[in-house]
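Below you'll find the structure, written out as C-alpha cells, and then a few comments.
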Amino acid sequence: MPAILLAAVLTVPLTSAPAAAGAVAPAAETAAETPIQFTAFTVTPQLIDLDDRDVTVSGRIAKTADPAAGVAGLPVSLGGPDGSLGTGVRTDASGAFTVRATLSRGGTISAMAMAAGYGQAYARVVVRAQAWPTRVSVDRRVSARAERGAAVTLTGRVEVEKGGVWRPMPQARVRASHYVNGASGDIDHAYGARTGADGRFRVNATVYRTGSWVVFANPFHQDFYQWTGADAGEQAVRQPTKIERFDAAEPAPLGGYGLTRFRVLRQAERWEAAPSGTPVAVYFRARGSKSWRRVNGGYVGANGYAEVPMRVPGDGDWQARVPGSAEFSASASGVDYVDARFATFIQGFNATPEPVRKGRKITLRGGLAYREPGNVLLPPLARRTVKFYFRAAKTGKWTYAGSDVTDGNGFFGLKATAKRDGVWRAYFAGDKTFLRSFGKDDYIDVR
C-alpha cells in the first residue's frame with residue numbers, strides 16, 4: 001500500500017486569499033460594507049478512497065473586526081472536483097454551516113461567502129484520493145501470425161490490491177490497443193469492454209496490420225486506482241493479395257518464349273501496389289489436362305507490375321500466382337488461354353546486284369524456316385507464300401511488289417525492276433500453325 005498523503009487545511013482570510021478557481025474577483029469595498037472572514041473551514045476526512053468517499057464540509061464566518069461575532073444567515077457557495085457541493089447553504093445563528101457530500105475524486109474544496117452589506121471571504125481545503133494498486137493478467141497471448149481481418153479474442157482478469165490482498169475489480173473499463181510501430185508507435189485500432197463481478201473481461205477485436213497488443217485497465221473511478229496494463233503479444237499479419245490485368249501474349253511461339261504481364265496488389269489500409277521484389281510465378285495447363293505446372297518465376301517491379309517470360313510448350317491455359325509467405329497470402333489470377341504456333345524465320349534475305357543501274361532487274365532471294373521444339377536446327381518451311389514490299393528512300397510508305405511460294409527447301413525469290421533508291425522487305429503473314437515473320441530489310445542504291 002502506498003503511504004497515506006495527509007492534506008493540510010488551508011483557511012484563507014479576506015485580506016490575503018486569492019479568489020477561488022472560477023470565482024469572480026471581489027468588487028472594491030465601500031465604507032458601508034462590513035469585512036468578514038472564515039474563522040474555521042474544514043473537510044473531514046481529508047483522505048478518501050473508493051469505499052469511503054463521504055465527506056463533511058464545515059466552517060464558520062465572523063466579522064473581521066470581532067472574530068467572536070458570527071454572521072448569521074450568510075449564503076455560502078461551495079465548489080469542488082464534482083462541481084457545486086450544494087446550493088442554499090446559509091450560516092446558522094453562530095455563523096457556522098455544515099454540508100455532507102460524496103466525492104467521485106480528490107481535489108480542492110472551496111468556499112465563498114458574500115452578501116449585501118458585507119465584504120467577501122474565501123477559503124479552501126485540498127482533499128486527497130487514495131489510489132489502490134491494480135494489475136491486469138491476460139489468459140493467453142495472441143497467436144504469432146494471423147490473416148488480415150482475423151478475429152482476435154483477449155480474455156483475462158483485472159484485480160485491485162486493498163489491505164494487502166488482491167481481489168477482483170468489477171465494472172473496470174478495459175481497453176485493448178493495437179500498436180503498429182512498437183509500443184510507442186501509432187494505435188490503429190482500440191477495443192473496449194468491462195469486467196464482470198469476478199473481475200474477468202473478454203475483448204473481441206479484429207487485426208488488420210502487423211503490430212502488438214496491449215490491454216489496459218481503465219477504472220471507472222480513476223482517482224482511486226493506479227492505472228496498469230499487460231502485454232498481450234505481437235502478431236505478424238499476412239496481407240491479402242490479388243492479381244489484375246493478367247495477359248499472356250498471343251499468338252505464342254511453340255517451343256519458344258512468350259511474355260506474361262500483370263499487376264499485383266496487396267491490401268493494407270486499402271488495396272495498393274505490392275512492393276517491388278514480391279515473388280510471383282507463372283503456371284501452365286495443357287489443353288485437355290487438369291494439372292497445372294510451374295513454368296517460370298519472377299518478381300514484382302515498380303508500381304506492382306510484373307513481366308515474366310514463359311516457355312511455350314503448346315496450346316493451353318496460363319495463370320499468374322503469388323506464393324503464400326509470412327507477409328502475403330497466396331492469390332491467383334484469372335486464366336488466359338493461348339494458342340501456340342511455330343515461330344518462323346526469314347533467313348538470308350538479299351537484294352542483288354548492288355549498286356544497280358536504273359531500269360535494270362534485281363533479284364530478291366531468301367529462305368523460310370521454322371523452330372521445332374527439341375530440334376536445334378531450323379527445318380525449312382515449304383509451300384508457304386512470301387510477299388515482297390518496297391519503300392522508296394525518304395518516304396514512309398511501303399508498296400506491294402509481288403510474292404512467291406517457297407519450294408521444298410523453303411527457298412523463295414522474285415525479280416523486280418530497279419527504279420529508285422529504297423528498302424526491300426520479305427514478309428510471311430503466318431497461318432493457324434505458323435507465326436508471321438519479317439526478313440532483314442535490304443537497301444538498294446539505284447544509279
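In the C-alpha cells, each chain is lettered A, B, ... as it comes, each chain's residues begin at 1, and ligands are numbered from 1 in order of appearance.
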Range 187-222 of chain A residues near range 155-175 of chain A within 6 Å, closest pair each, using only C-alpha atoms, as a Markdown table:
| residue | atom | partner | partner_atom | distance |
| --- | --- | --- | --- | --- |
| A:Tyr191 | CA | A:Arg175 | CA | 5.6 |
| A:Gly192 | CA | A:Arg175 | CA | 4.5 |
| A:Ala193 | CA | A:Val174 | CA | 5.2 |
| A:Arg194 | CA | A:Arg173 | CA | 4.6 |
| A:Thr195 | CA | A:Gln171 | CA | 4.9 |
| A:Gly196 | CA | A:Pro170 | CA | 5.2 |
| A:Ala197 | CA | A:Pro170 | CA | 4.6 |
| A:Asp198 | CA | A:Pro168 | CA | 5.5 |
| A:Gly199 | CA | A:Pro168 | CA | 4.4 |
| A:Arg200 | CA | A:Arg157 | CA | 4.2 |
| A:Phe201 | CA | A:Thr155 | CA | 5.5 |
| A:Arg202 | CA | A:Thr155 | CA | 4.5 |
| A:Val215 | CA | A:Arg175 | CA | 5.7 |
| A:Phe216 | CA | A:Arg175 | CA | 5.2 |
| A:Ala217 | CA | A:Val174 | CA | 4.8 |
| A:Asn218 | CA | A:Arg173 | CA | 4.8 |
| A:Pro219 | CA | A:Ala172 | CA | 4.5 |
| A:Phe220 | CA | A:Ala172 | CA | 5.9 |
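Of the residues listed (A:Gly73, A:Gly304, A:Gly366, A:Gly83), A:Gly366 shows the shortest atom-to-atom separation from Ala426 in chain A; distances use only C-alpha atoms.
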Practice task
May I ask for the distance between CA of Thr56 in chain A and CA of Met114 in chain A, given in Å to one decimal place?
Solution key: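 So the answer is 21.5 Å.
Nearest residue to Ile346 in chain A among A:Ser329, A:Thr34, A:Thr42, A:Ser437 is A:Ser437, counting only C-alpha atoms.
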Exercise for the section: Can you list, as a ChimeraX atom specification, all residues belonging to range 161-290 of chain A that DSSP tags as strand (DSSP E or B)? Expected result: /A:161-162,165-168,173-179,187-194,200-207,211-218,225,228-239,241-248,252-254,257-267,271-273,279-286
